[in-house]
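Novice: So here's run.csv (CSV, C-alpha atoms).
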chain,number,residue,atom,x,y,z
L,122,MET,CA,-15.0,87.4,104.2
L,123,GLU,CA,-15.5,84.4,106.5
L,124,ARG,CA,-14.9,81.1,104.8
L,125,LYS,CA,-17.9,78.8,104.5
L,126,ARG,CA,-17.9,75.8,106.7
L,127,ALA,CA,-17.3,72.6,104.8
L,128,THR,CA,-20.1,70.0,104.8
L,129,LEU,CA,-20.4,66.3,104.2
L,130,LYS,CA,-21.8,67.0,100.8
L,131,ASP,CA,-18.6,69.0,100.0
L,132,VAL,CA,-16.5,66.1,101.1
L,133,ALA,CA,-18.5,63.6,99.0
L,134,GLN,CA,-18.3,65.8,95.9
L,135,LEU,CA,-14.5,66.3,96.2
L,136,ALA,CA,-13.9,62.6,97.0
L,137,GLY,CA,-16.2,61.5,94.1
L,138,VAL,CA,-18.4,59.2,96.3
L,139,SER,CA,-21.9,59.3,97.6
L,140,PHE,CA,-23.1,61.4,100.6
L,141,PRO,CA,-24.3,58.3,102.6
L,142,LEU,CA,-20.9,56.6,102.2
L,143,VAL,CA,-19.1,59.7,103.6
L,144,SER,CA,-21.6,59.8,106.5
L,145,LYS,CA,-20.8,56.2,107.3
L,146,TYR,CA,-17.1,56.9,107.2
L,147,VAL,CA,-17.3,59.9,109.5
L,148,ASN,CA,-19.5,58.1,112.0
L,149,GLN,CA,-17.5,54.9,111.9
L,150,ASP,CA,-20.6,53.0,110.9
L,151,PRO,CA,-19.6,49.3,110.4
L,152,ARG,CA,-22.2,49.1,107.6
L,153,GLY,CA,-20.0,51.5,105.5
L,154,ARG,CA,-18.0,48.9,103.5
L,155,MET,CA,-15.5,50.5,101.1
L,156,SER,CA,-12.1,49.8,99.7
L,157,ALA,CA,-8.9,51.2,101.2
L,158,GLU,CA,-8.6,53.4,98.2
L,159,THR,CA,-12.0,54.9,98.8
L,160,ARG,CA,-11.3,55.5,102.4
L,161,GLN,CA,-8.1,57.3,101.5
L,162,ARG,CA,-9.9,59.6,99.0
L,163,ILE,CA,-12.5,60.5,101.7
L,164,ALA,CA,-9.7,61.1,104.3
L,165,ASP,CA,-7.8,63.3,101.8
L,166,ALA,CA,-11.0,65.3,101.0
L,167,ILE,CA,-11.7,65.9,104.7
L,168,GLN,CA,-8.1,67.1,105.3
L,169,ARG,CA,-8.1,69.4,102.2
L,170,LEU,CA,-11.5,71.0,103.0
L,171,GLY,CA,-10.8,71.2,106.8
L,172,TYR,CA,-14.0,69.5,107.5
L,173,ARG,CA,-15.0,69.2,111.2
L,174,PRO,CA,-18.1,67.3,112.3
L,175,SER,CA,-20.8,69.3,114.0
L,176,SER,CA,-21.6,67.9,117.4
L,177,ALA,CA,-25.0,69.6,117.3
L,178,ALA,CA,-25.9,68.0,114.0
L,179,ARG,CA,-24.6,64.7,115.1
L,180,ALA,CA,-26.9,64.9,118.2
L,181,LEU,CA,-29.9,65.7,116.1
L,182,ARG,CA,-29.2,62.7,113.7
L,183,GLY,CA,-28.2,60.1,116.3
L,184,GLY,CA,-29.5,61.3,119.6
L,185,ARG,CA,-26.0,61.6,121.0
L,186,THR,CA,-23.6,64.5,121.5
L,187,GLY,CA,-20.4,62.6,122.0
L,188,MET,CA,-20.0,64.3,125.4
L,189,LEU,CA,-19.6,62.7,128.8
L,190,GLY,CA,-19.9,64.4,132.2
L,191,LEU,CA,-17.9,64.0,135.4
L,192,VAL,CA,-19.1,65.2,138.8
L,193,VAL,CA,-16.2,65.5,141.1
L,194,SER,CA,-15.0,67.6,144.1
L,195,ASN,CA,-12.8,70.6,143.8
L,196,PHE,CA,-9.3,70.4,142.3
L,197,THR,CA,-7.5,71.6,145.4
L,198,ASN,CA,-7.4,67.9,146.2
L,199,PRO,CA,-4.6,66.6,144.0
L,200,TYR,CA,-6.1,63.2,143.7
L,201,PHE,CA,-9.2,64.5,142.0
L,202,ALA,CA,-7.1,66.8,139.8
L,203,HIS,CA,-5.1,63.8,138.5
L,204,PHE,CA,-8.2,61.6,138.3
L,205,ALA,CA,-9.9,64.2,136.1
L,206,ASP,CA,-6.8,64.6,133.9
L,207,ALA,CA,-6.7,60.8,133.3
L,208,ALA,CA,-10.5,60.8,132.6
L,209,LEU,CA,-10.0,63.6,130.0
L,210,GLN,CA,-7.3,61.6,128.2
L,211,GLU,CA,-9.4,58.4,128.3
L,212,ALA,CA,-12.5,60.1,127.0
L,213,SER,CA,-10.5,61.6,124.2
L,214,ARG,CA,-9.2,58.2,123.3
L,215,HIS,CA,-12.8,57.0,122.9
L,216,GLY,CA,-13.6,60.1,120.7
L,217,CYS,CA,-15.6,61.8,123.3
L,218,GLN,CA,-15.4,65.2,125.1
L,219,LEU,CA,-15.5,65.3,128.9
L,220,LEU,CA,-17.3,68.1,130.7
L,221,ILE,CA,-16.4,68.5,134.3
L,222,SER,CA,-18.8,69.9,136.9
L,223,LEU,CA,-17.2,70.7,140.2
L,224,CYS,CA,-19.0,70.6,143.5
L,225,ARG,CA,-18.4,70.9,147.2
L,226,HIS,CA,-20.0,68.7,149.8
L,227,GLY,CA,-23.7,69.4,150.2
L,228,LYS,CA,-26.9,68.3,148.5
L,229,GLU,CA,-27.6,71.7,146.8
L,230,GLU,CA,-24.1,71.9,145.2
L,231,GLU,CA,-24.3,68.3,144.1
L,232,MET,CA,-27.7,68.7,142.6
L,233,HIS,CA,-26.5,71.8,140.7
L,234,ALA,CA,-23.5,69.9,139.4
L,235,LEU,CA,-25.8,67.2,137.9
L,236,GLU,CA,-28.3,69.7,136.5
L,237,GLU,CA,-25.5,71.6,134.8
L,238,LEU,CA,-24.3,68.5,133.0
L,239,LEU,CA,-27.8,67.5,132.0
L,240,SER,CA,-28.4,71.0,130.6
L,241,ARG,CA,-25.4,70.4,128.3
L,242,GLN,CA,-27.1,67.3,126.9
L,243,VAL,CA,-24.2,64.9,127.9
L,244,ASP,CA,-24.7,61.3,126.8
L,245,ALA,CA,-23.6,59.8,130.2
L,246,ILE,CA,-22.3,61.0,133.6
L,247,LEU,CA,-19.6,59.6,135.8
L,248,CYS,CA,-20.2,60.7,139.4
L,249,TYR,CA,-17.6,60.5,142.1
L,250,GLU,CA,-19.6,62.3,144.8
L,251,ASN,CA,-22.0,60.4,147.0
L,252,LEU,CA,-25.4,61.4,145.6
L,253,SER,CA,-27.4,58.4,146.9
L,254,ASP,CA,-29.7,60.6,149.0
L,255,ILE,CA,-30.4,63.0,146.1
L,256,LEU,CA,-31.1,60.2,143.7
L,257,LYS,CA,-33.5,58.5,146.0
L,258,GLU,CA,-35.3,61.6,147.2
L,259,ASN,CA,-35.4,64.0,144.3
L,260,PRO,CA,-33.5,63.0,141.1
L,261,PRO,CA,-33.0,65.9,138.7
L,262,ALA,CA,-35.3,66.2,135.7
L,263,GLY,CA,-33.9,64.5,132.6
L,264,LEU,CA,-31.6,62.1,134.5
L,265,ARG,CA,-32.2,58.5,133.2
L,266,ARG,CA,-31.0,55.4,135.0
L,267,ASP,CA,-29.2,54.3,131.8
L,268,MET,CA,-27.0,57.4,131.7
L,269,LEU,CA,-25.4,57.5,135.2
L,270,LEU,CA,-22.4,55.6,136.5
L,271,LEU,CA,-21.7,56.0,140.2
L,272,MET,CA,-18.1,55.6,141.3
L,273,ASP,CA,-17.0,54.2,144.7
L,274,GLN,CA,-20.6,53.8,145.7
L,275,GLN,CA,-23.2,51.1,146.0
L,276,SER,CA,-26.4,51.2,144.1
L,277,GLU,CA,-29.1,48.7,142.9
L,278,GLU,CA,-30.6,51.2,140.4
L,279,TYR,CA,-27.6,52.7,138.7
L,280,ALA,CA,-24.4,51.3,137.2
L,281,THR,CA,-21.4,51.4,139.5
L,282,ALA,CA,-17.6,51.4,139.5
L,283,SER,CA,-16.0,50.2,142.7
L,284,ILE,CA,-13.0,48.6,144.2
L,285,ASP,CA,-13.1,45.1,145.7
L,286,LEU,CA,-11.7,45.8,149.2
L,287,ALA,CA,-12.9,42.9,151.3
L,288,ALA,CA,-9.7,40.7,151.3
L,289,SER,CA,-7.3,43.6,151.5
L,290,VAL,CA,-9.1,45.3,154.3
L,291,ALA,CA,-9.2,42.1,156.3
L,292,GLU,CA,-5.5,41.6,155.7
L,293,ALA,CA,-4.7,45.2,156.8
L,294,VAL,CA,-6.6,44.9,160.1
L,295,ARG,CA,-4.8,41.6,160.8
L,296,PHE,CA,-1.5,43.3,160.1
L,297,LEU,CA,-2.4,46.2,162.4
L,298,GLY,CA,-3.7,43.9,165.1
L,299,GLU,CA,-0.3,42.3,165.4
L,300,ARG,CA,1.3,45.7,165.9
L,301,GLY,CA,-1.4,47.0,168.3
L,302,ALA,CA,-1.5,44.0,170.6
L,303,GLY,CA,-4.7,42.7,169.3
L,304,ARG,CA,-6.5,46.1,169.1
L,305,VAL,CA,-7.1,48.4,166.1
L,306,THR,CA,-8.6,51.9,165.8
L,307,LEU,CA,-10.8,52.4,162.8
L,308,ALA,CA,-10.5,56.1,161.9
L,309,LEU,CA,-12.9,56.1,159.0
L,310,SER,CA,-14.9,58.7,157.2
L,311,ALA,CA,-18.7,58.1,156.7
L,312,SER,CA,-18.5,55.2,154.3
L,313,ASP,CA,-20.8,52.3,155.1
L,314,THR,CA,-18.6,49.9,153.0
L,315,TRP,CA,-15.4,50.7,154.8
L,316,HIS,CA,-17.0,50.4,158.3
L,317,ARG,CA,-18.6,47.1,157.4
L,318,LEU,CA,-15.5,45.6,155.9
L,319,ALA,CA,-13.1,46.8,158.6
L,320,GLU,CA,-15.4,45.5,161.4
L,321,THR,CA,-15.9,42.2,159.6
L,322,GLY,CA,-12.1,41.8,159.3
L,323,CYS,CA,-11.6,42.5,163.0
L,324,HIS,CA,-14.3,39.9,163.9
L,325,ARG,CA,-12.7,37.4,161.5
L,326,HIS,CA,-9.3,37.8,163.2
L,327,GLN,CA,-10.7,38.1,166.7
L,328,LEU,CA,-9.4,41.7,167.1
L,329,GLN,CA,-10.8,44.3,169.4
L,330,PHE,CA,-11.5,47.6,167.7
L,331,THR,CA,-12.5,51.2,168.4
L,332,ARG,CA,-14.5,53.3,166.0
L,333,HIS,CA,-13.3,56.9,165.4
L,334,LEU,CA,-15.5,58.7,162.9
L,335,ILE,CA,-13.8,61.3,160.7
L,336,PRO,CA,-16.2,64.0,159.3
L,337,SER,CA,-15.9,65.2,155.7
L,338,PRO,CA,-15.5,69.0,156.3
L,339,ARG,CA,-11.8,69.7,156.5
L,340,LYS,CA,-11.8,71.7,159.7
L,341,GLU,CA,-13.9,69.1,161.5
L,342,ALA,CA,-11.7,66.3,160.2
L,343,GLU,CA,-8.6,68.0,161.5
L,344,GLU,CA,-10.2,68.4,164.9
L,345,ALA,CA,-11.2,64.7,165.0
L,346,LEU,CA,-7.7,63.6,164.0
L,347,HIS,CA,-6.2,65.9,166.6
L,348,ARG,CA,-8.3,64.1,169.3
L,349,LEU,CA,-7.1,60.8,167.8
L,350,CYS,CA,-3.5,61.8,168.3
L,351,GLU,CA,-4.3,62.8,171.9
L,352,ALA,CA,-5.8,59.3,172.5
L,353,ALA,CA,-2.6,57.8,170.9
L,354,PRO,CA,-3.9,54.4,169.8
L,355,PRO,CA,-1.0,52.0,168.7
L,356,ALA,CA,-2.5,50.9,165.4
L,357,VAL,CA,-4.8,53.0,163.1
L,358,LEU,CA,-6.6,52.3,159.9
L,359,LEU,CA,-7.7,55.3,157.8
L,360,ASN,CA,-9.7,55.2,154.6
L,361,GLY,CA,-8.7,58.5,153.0
L,362,MET,CA,-5.3,59.8,151.9
L,363,ARG,CA,-6.2,63.3,152.9
L,364,ASN,CA,-7.0,62.1,156.4
L,365,ALA,CA,-3.8,60.0,156.5
L,366,THR,CA,-1.7,63.0,155.4
L,367,THR,CA,-3.3,65.3,158.0
L,368,PHE,CA,-2.9,62.6,160.7
L,369,LEU,CA,0.8,62.1,160.0
L,370,SER,CA,1.4,65.8,159.7
L,371,LEU,CA,-0.2,66.4,163.2
L,372,ILE,CA,2.1,63.7,164.6
L,373,HIS,CA,5.1,65.3,163.1
L,374,ARG,CA,4.2,68.9,164.3
L,375,GLU,CA,2.5,68.3,167.7
L,376,PHE,CA,3.0,64.7,168.8
L,377,PRO,CA,6.6,63.7,167.9
L,378,GLY,CA,6.8,61.1,170.6
L,379,TYR,CA,3.7,59.2,169.3
L,380,ARG,CA,4.7,56.3,167.0
L,381,PRO,CA,1.6,54.4,165.8
L,382,ALA,CA,1.4,51.8,163.0
L,383,VAL,CA,-0.7,53.3,160.2
L,384,VAL,CA,-2.4,51.8,157.2
L,385,THR,CA,-4.4,53.8,154.6
L,386,HIS,CA,-6.0,53.3,151.2
L,387,CYS,CA,-3.4,54.2,148.5
L,388,ASN,CA,-4.5,55.1,145.0
L,389,PHE,CA,-2.3,58.1,144.5
L,390,CYS,CA,1.5,58.4,144.6
L,391,THR,CA,2.9,61.1,146.8
L,392,GLU,CA,5.7,61.6,149.4
L,393,LEU,CA,3.3,60.1,151.9
L,394,GLN,CA,4.7,56.7,151.0
L,395,GLU,CA,8.1,57.9,152.4
L,396,ASN,CA,6.7,58.3,155.9
L,397,PRO,CA,8.1,55.6,158.2
L,398,LEU,CA,4.9,55.5,160.2
L,399,LEU,CA,2.9,54.3,157.2
L,400,GLU,CA,3.6,50.6,157.6
L,401,GLY,CA,1.2,49.4,154.8
L,402,VAL,CA,-1.4,50.5,152.3
L,403,ILE,CA,-4.5,49.1,150.7
L,404,TYR,CA,-3.5,49.6,147.1
L,405,SER,CA,-5.8,49.9,144.1
L,406,ASP,CA,-4.9,51.1,140.6
L,407,THR,CA,-6.9,54.3,139.9
L,408,ALA,CA,-5.6,54.5,136.4
L,409,GLU,CA,-7.3,51.1,135.7
L,410,LEU,CA,-10.5,52.4,137.5
L,411,VAL,CA,-10.5,55.4,135.2
L,412,ARG,CA,-10.0,53.4,132.0
L,413,ARG,CA,-12.8,50.9,132.8
L,414,SER,CA,-15.2,53.5,134.1
L,415,VAL,CA,-14.9,55.8,131.0
L,416,ALA,CA,-15.3,52.7,128.8
L,417,ALA,CA,-18.4,51.8,130.7
L,418,ALA,CA,-19.8,55.3,130.4
L,419,VAL,CA,-19.2,55.2,126.6
L,420,GLU,CA,-21.1,51.9,126.5
L,421,LEU,CA,-23.9,53.5,128.5
L,422,ALA,CA,-24.1,56.3,126.0
L,423,ARG,CA,-24.1,54.0,123.0
L,424,SER,CA,-26.4,51.2,124.2
L,425,GLY,CA,-27.8,52.2,127.5
L,426,ARG,CA,-26.3,49.0,129.0
L,427,THR,CA,-23.2,48.2,130.9
L,428,GLU,CA,-21.9,45.8,133.6
L,429,ASN,CA,-20.8,47.1,136.9
L,430,VAL,CA,-17.0,47.8,137.0
L,431,VAL,CA,-15.1,46.2,139.8
L,432,ILE,CA,-11.3,46.4,140.1
L,433,PRO,CA,-9.1,44.5,142.6
L,434,SER,CA,-7.1,45.8,145.5
L,435,GLU,CA,-4.3,44.3,147.6
L,436,PHE,CA,-2.6,44.9,151.0
L,437,VAL,CA,1.0,46.0,150.4
L,438,PRO,CA,3.4,46.3,153.4
L,439,GLN,CA,6.0,49.0,153.6
L,440,SER,CA,8.8,46.6,152.6
L,441,GLU,CA,7.1,46.2,149.1
L,442,PHE,CA,6.2,49.9,148.5
L,443,HIS,CA,8.8,49.9,145.6
L,444,ARG,CA,6.2,48.0,143.6
L,445,ILE,CA,3.7,50.8,143.6
L,446,ARG,CA,5.9,53.9,143.5
L,447,LEU,CA,6.2,56.1,140.4
L,448,PRO,CA,9.7,56.9,139.1
L,449,GLU,CA,11.6,59.4,141.2
L,450,GLY,CA,10.5,63.0,140.7
L,451,ARG,CA,7.1,62.2,139.4
L,452,ILE,CA,3.6,62.4,141.0
L,453,GLY,CA,0.4,60.9,139.7
L,454,LEU,CA,-2.1,58.1,139.7
L,455,THR,CA,-0.7,54.7,140.6
L,456,GLY,CA,-0.3,52.6,137.5
L,457,SER,CA,-0.5,55.5,135.1
L,458,GLU,CA,2.0,56.0,132.3
Would you write out, as C-alpha cells, the structure that this file holds?
Specialist:
Amino acid sequence: MERKRATLKDVAQLAGVSFPLVSKYVNQDPRGRMSAETRQRIADAIQRLGYRPSSAARALRGGRTGMLGLVVSNFTNPYFAHFADAALQEASRHGCQLLISLCRHGKEEEMHALEELLSRQVDAILCYENLSDILKENPPAGLRRDMLLLMDQQSEEYATASIDLAASVAEAVRFLGERGAGRVTLALSASDTWHRLAETGCHRHQLQFTRHLIPSPRKEAEEALHRLCEAAPPAVLLNGMRNATTFLSLIHREFPGYRPAVVTHCNFCTELQENPLLEGVIYSDTAELVRRSVAAAVELARSGRTENVVIPSEFVPQSEFHRIRLPEGRIGLTGSE
C-alpha cells in the first residue's frame, strides 16, 4: 500500500506547533519568529516524516512555482553547455529549479522555446538568444515584461544582463592596429554592439578598418572565414570563440604560411588560449555573469523588479594569459570554481 504523502498539518502535529508557524518556516517567511528550539523541532519533524513541499500547492498559495527558465542554443556548443551547468547550480543555490528550453537559430524555434517555458508556468526567464524581433513584433501570450531577462542584448523594455565592452574593445583594436600597420579587419557576427564599439575604437585611435561580416549558420560562417583567410589581413578581431576556433583551424589546415595577429572575446577556457596566433583576448568572467543573472531573475520572480546587470571586461595580452587560465587538465567557464 502506497504511503500517504506527509502534509504541513502532519508536521505541525508532530512538532507540537501551529500550522501557520510551520508554513512560515517552510516558506522562509521573515514574519515567522520562533526560538531555535522550535525551529529544530520543526526540522526534526520534517525529516522524520519525509515531508517535501508541493510546488503546485506553493504556486496556488503564492503565485510562484519556484521555477526559472533558460532559453539557450544547443549543447553541441561547449560554452552553452557549461553556461547552463553553472546556471543550474546557481538556481539550486537560490532554492529554484531551472528548466532549459533549447532552440536553434530562427524565429519559429525561438518562439517555441519561450512558449514551452511559459506553459510550464516558470516565474522568470533568462534568454541568451536574440529575440528582439519576436518581442517587438509578436510576443508570446502570457509573457510579461517583469518576468524576462535578456542576456548579452540591449533592450529598453526588458531587464538585461550584459558585458561592458567599450574600453576593452577600444584597447584591443589599438593593440591590433600596432600589429597591422594601422589597419584592422573586423570579422564580426551580426551584433550591433560589437560593430559599433569596434568601429568607435578604430576611429578613436585613427585606424583604418575593413568590415567582414560572419553569418550565424555554421556552414556559411566557415565559408566567410575561408574567404577571410584567402584575403590574409594582418590583424583580425573576432567576436565569437566558435568563429575564432574555426578561423585558427582553417589557418592550421589550409593556410599554414598565414600568420595574422588575432584577438577574440574570451569567456570560456579551452586549448584555444594555447594558439600562438591568439595574441590577446577581450576577457569577461562568465561565472560572474551567471551568478548575477540568476540572482536578478530570482528578484524578478519575487518582486517583479530588478536592475540591469552589467559586468566588466578587460583586454588581456598573450603574455598575461596565465591570469585567466584554469588549472591544467580542466575546462570550464572562466572564473568558475
Novice: What is the distance between CA of Arg374 in chain L and CA of Ala352 in chain L, in Å to one decimal?
Specialist: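 One can read the CA of Arg374 in chain L to CA of Ala352 in chain L distance as 16.1 Å.
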Novice: With all atoms listed in the file as the counted atoms, please give the residues lying no more than 9 Å from Cys217 in chain L, apart from itself and same-chain residues fewer than 2 positions off, as an NGL selection string.
Specialist: :L and (186-189 or 209 or 211-215 or 219 or 419)
Novice: Determine, for each residue of range 236-352 of chain L having at least one atom at most 8 Å from an atom of range 394-408 of chain L, the closest pair of atoms and their separation in Å to one decimal, counting all atoms listed in the file; order by chain and ascending number, as a Markdown table.
Specialist:
| residue | atom | partner | partner_atom | distance |
| --- | --- | --- | --- | --- |
| L:Ile284 | CA | L:Ser405 | CA | 7.3 |
| L:Ser289 | CA | L:Ile403 | CA | 6.2 |
| L:Val290 | CA | L:Ile403 | CA | 7.0 |
| L:Ala293 | CA | L:Ile403 | CA | 7.2 |
Novice: With distances taken over all atoms listed in the file, which residue among L:Thr367, L:Thr321, L:Thr385, L:Ser222 lies nearest Ala205 in chain L?
Specialist: L:Ser222
Novice: CA of Tyr379 in chain L and CA of Ala342 in chain L, how far apart in Å?
Specialist: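 Interatomic distance here is 19.2 Å.
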Novice: I need the residue nearest Glu420 in chain L from this list: L:Ala234, L:Leu269, L:Glu229, L:Asp206. Use all atoms listed in the file for the distance.
Specialist: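 Looking at the shortest contact to Glu420 in chain L, the residue is L:Leu269.
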Novice: Give me the residues near Met272 in chain L as a ChimeraX atom specification, where near means some atom within 6 Å (using only C-alpha atoms) and where sequence neighbours in that chain fewer than 2 positions away do not count.
Specialist: /L:248-249,274,281-283
Novice: So how far away is CA of Gln275 in chain L from CA of Glu343 in chain L, in Å?
Specialist: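 A separation of 27.2 Å between them.
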Novice: Mind listing as a short mmCIF file (atom, residue, chain, number, x, y, z; two decimals) with C-alpha atoms, in the frame of the given file all residues within 12 Å of (-2.2, 62.1, 156.6), counting all atoms listed in the file?
Specialist:
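Once everything was written out, this is out.cif:
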data_model
loop_
_atom_site.label_atom_id
_atom_site.label_comp_id
_atom_site.auth_asym_id
_atom_site.auth_seq_id
_atom_site.Cartn_x
_atom_site.Cartn_y
_atom_site.Cartn_z
CA ALA L 308 -10.50 56.10 161.90
CA ALA L 342 -11.70 66.30 160.20
CA GLU L 343 -8.60 68.00 161.50
CA LEU L 346 -7.70 63.60 164.00
CA HIS L 347 -6.20 65.90 166.60
CA CYS L 350 -3.50 61.80 168.30
CA VAL L 357 -4.80 53.00 163.10
CA LEU L 358 -6.60 52.30 159.90
CA LEU L 359 -7.70 55.30 157.80
CA ASN L 360 -9.70 55.20 154.60
CA GLY L 361 -8.70 58.50 153.00
CA MET L 362 -5.30 59.80 151.90
CA ARG L 363 -6.20 63.30 152.90
CA ASN L 364 -7.00 62.10 156.40
CA ALA L 365 -3.80 60.00 156.50
CA THR L 366 -1.70 63.00 155.40
CA THR L 367 -3.30 65.30 158.00
CA PHE L 368 -2.90 62.60 160.70
CA LEU L 369 0.80 62.10 160.00
CA SER L 370 1.40 65.80 159.70
CA LEU L 371 -0.20 66.40 163.20
CA ILE L 372 2.10 63.70 164.60
CA HIS L 373 5.10 65.30 163.10
CA VAL L 383 -0.70 53.30 160.20
CA VAL L 384 -2.40 51.80 157.20
CA THR L 385 -4.40 53.80 154.60
CA HIS L 386 -6.00 53.30 151.20
CA CYS L 387 -3.40 54.20 148.50
CA THR L 391 2.90 61.10 146.80
CA GLU L 392 5.70 61.60 149.40
CA LEU L 393 3.30 60.10 151.90
CA GLN L 394 4.70 56.70 151.00
CA GLU L 395 8.10 57.90 152.40
CA ASN L 396 6.70 58.30 155.90
CA LEU L 398 4.90 55.50 160.20
CA LEU L 399 2.90 54.30 157.20
#
Novice: The centre and edge lengths of an axis-aligned box containing all atoms of range 234-237 of chain L present in the file, extended by 3 Å on each side, are to be given in Å to one decimal, as JSON.
Specialist:
{"center_x": -25.9, "center_y": 69.4, "center_z": 137.1, "size_x": 10.8, "size_y": 10.4, "size_z": 10.6}
Novice: Name the residues in contact with Glu277 in chain L at a cut-off of 12 Å, using only C-alpha atoms, excluding same-chain residues fewer than 2 positions from it; report them as a list of chain:residue names.
Specialist: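 Once the adjacent positions are removed, what remains is L:Ser253, L:Leu256, L:Lys257, L:Arg266, L:Leu270, L:Leu271, L:Gln274, L:Gln275, L:Tyr279, L:Ala280, L:Thr281, L:Asn429.
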Novice: Which residue, L:Phe140, L:His316, L:Asp267, L:Phe201, has the smallest gap to Arg426 in chain L when you use all atoms listed in the file?
Specialist: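 For Arg426 in chain L, the nearest of the given residues is L:Asp267.
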Novice: Please list as a ChimeraX atom specification every residue within 7 Å of range 303-305 of chain L, counting only C-alpha atoms and excluding residues in the same chain fewer than 3 positions away.
Specialist: /L:294,297-299,328-331,356-357
Novice: Ser156 in chain L: which residues within 12 Å, counting only C-alpha atoms, same-chain residues fewer than 4 positions away excluded, as a VMD selection string?
Specialist: chain L and resid 138 142 146 160 to 163
Novice: Compare L:Arg173, L:Leu334, L:Ala133, L:Ser310 by their minimum atom-to-atom distance to Lys145 in chain L, counting only C-alpha atoms, and give me the closest one.
Specialist: L:Ala133
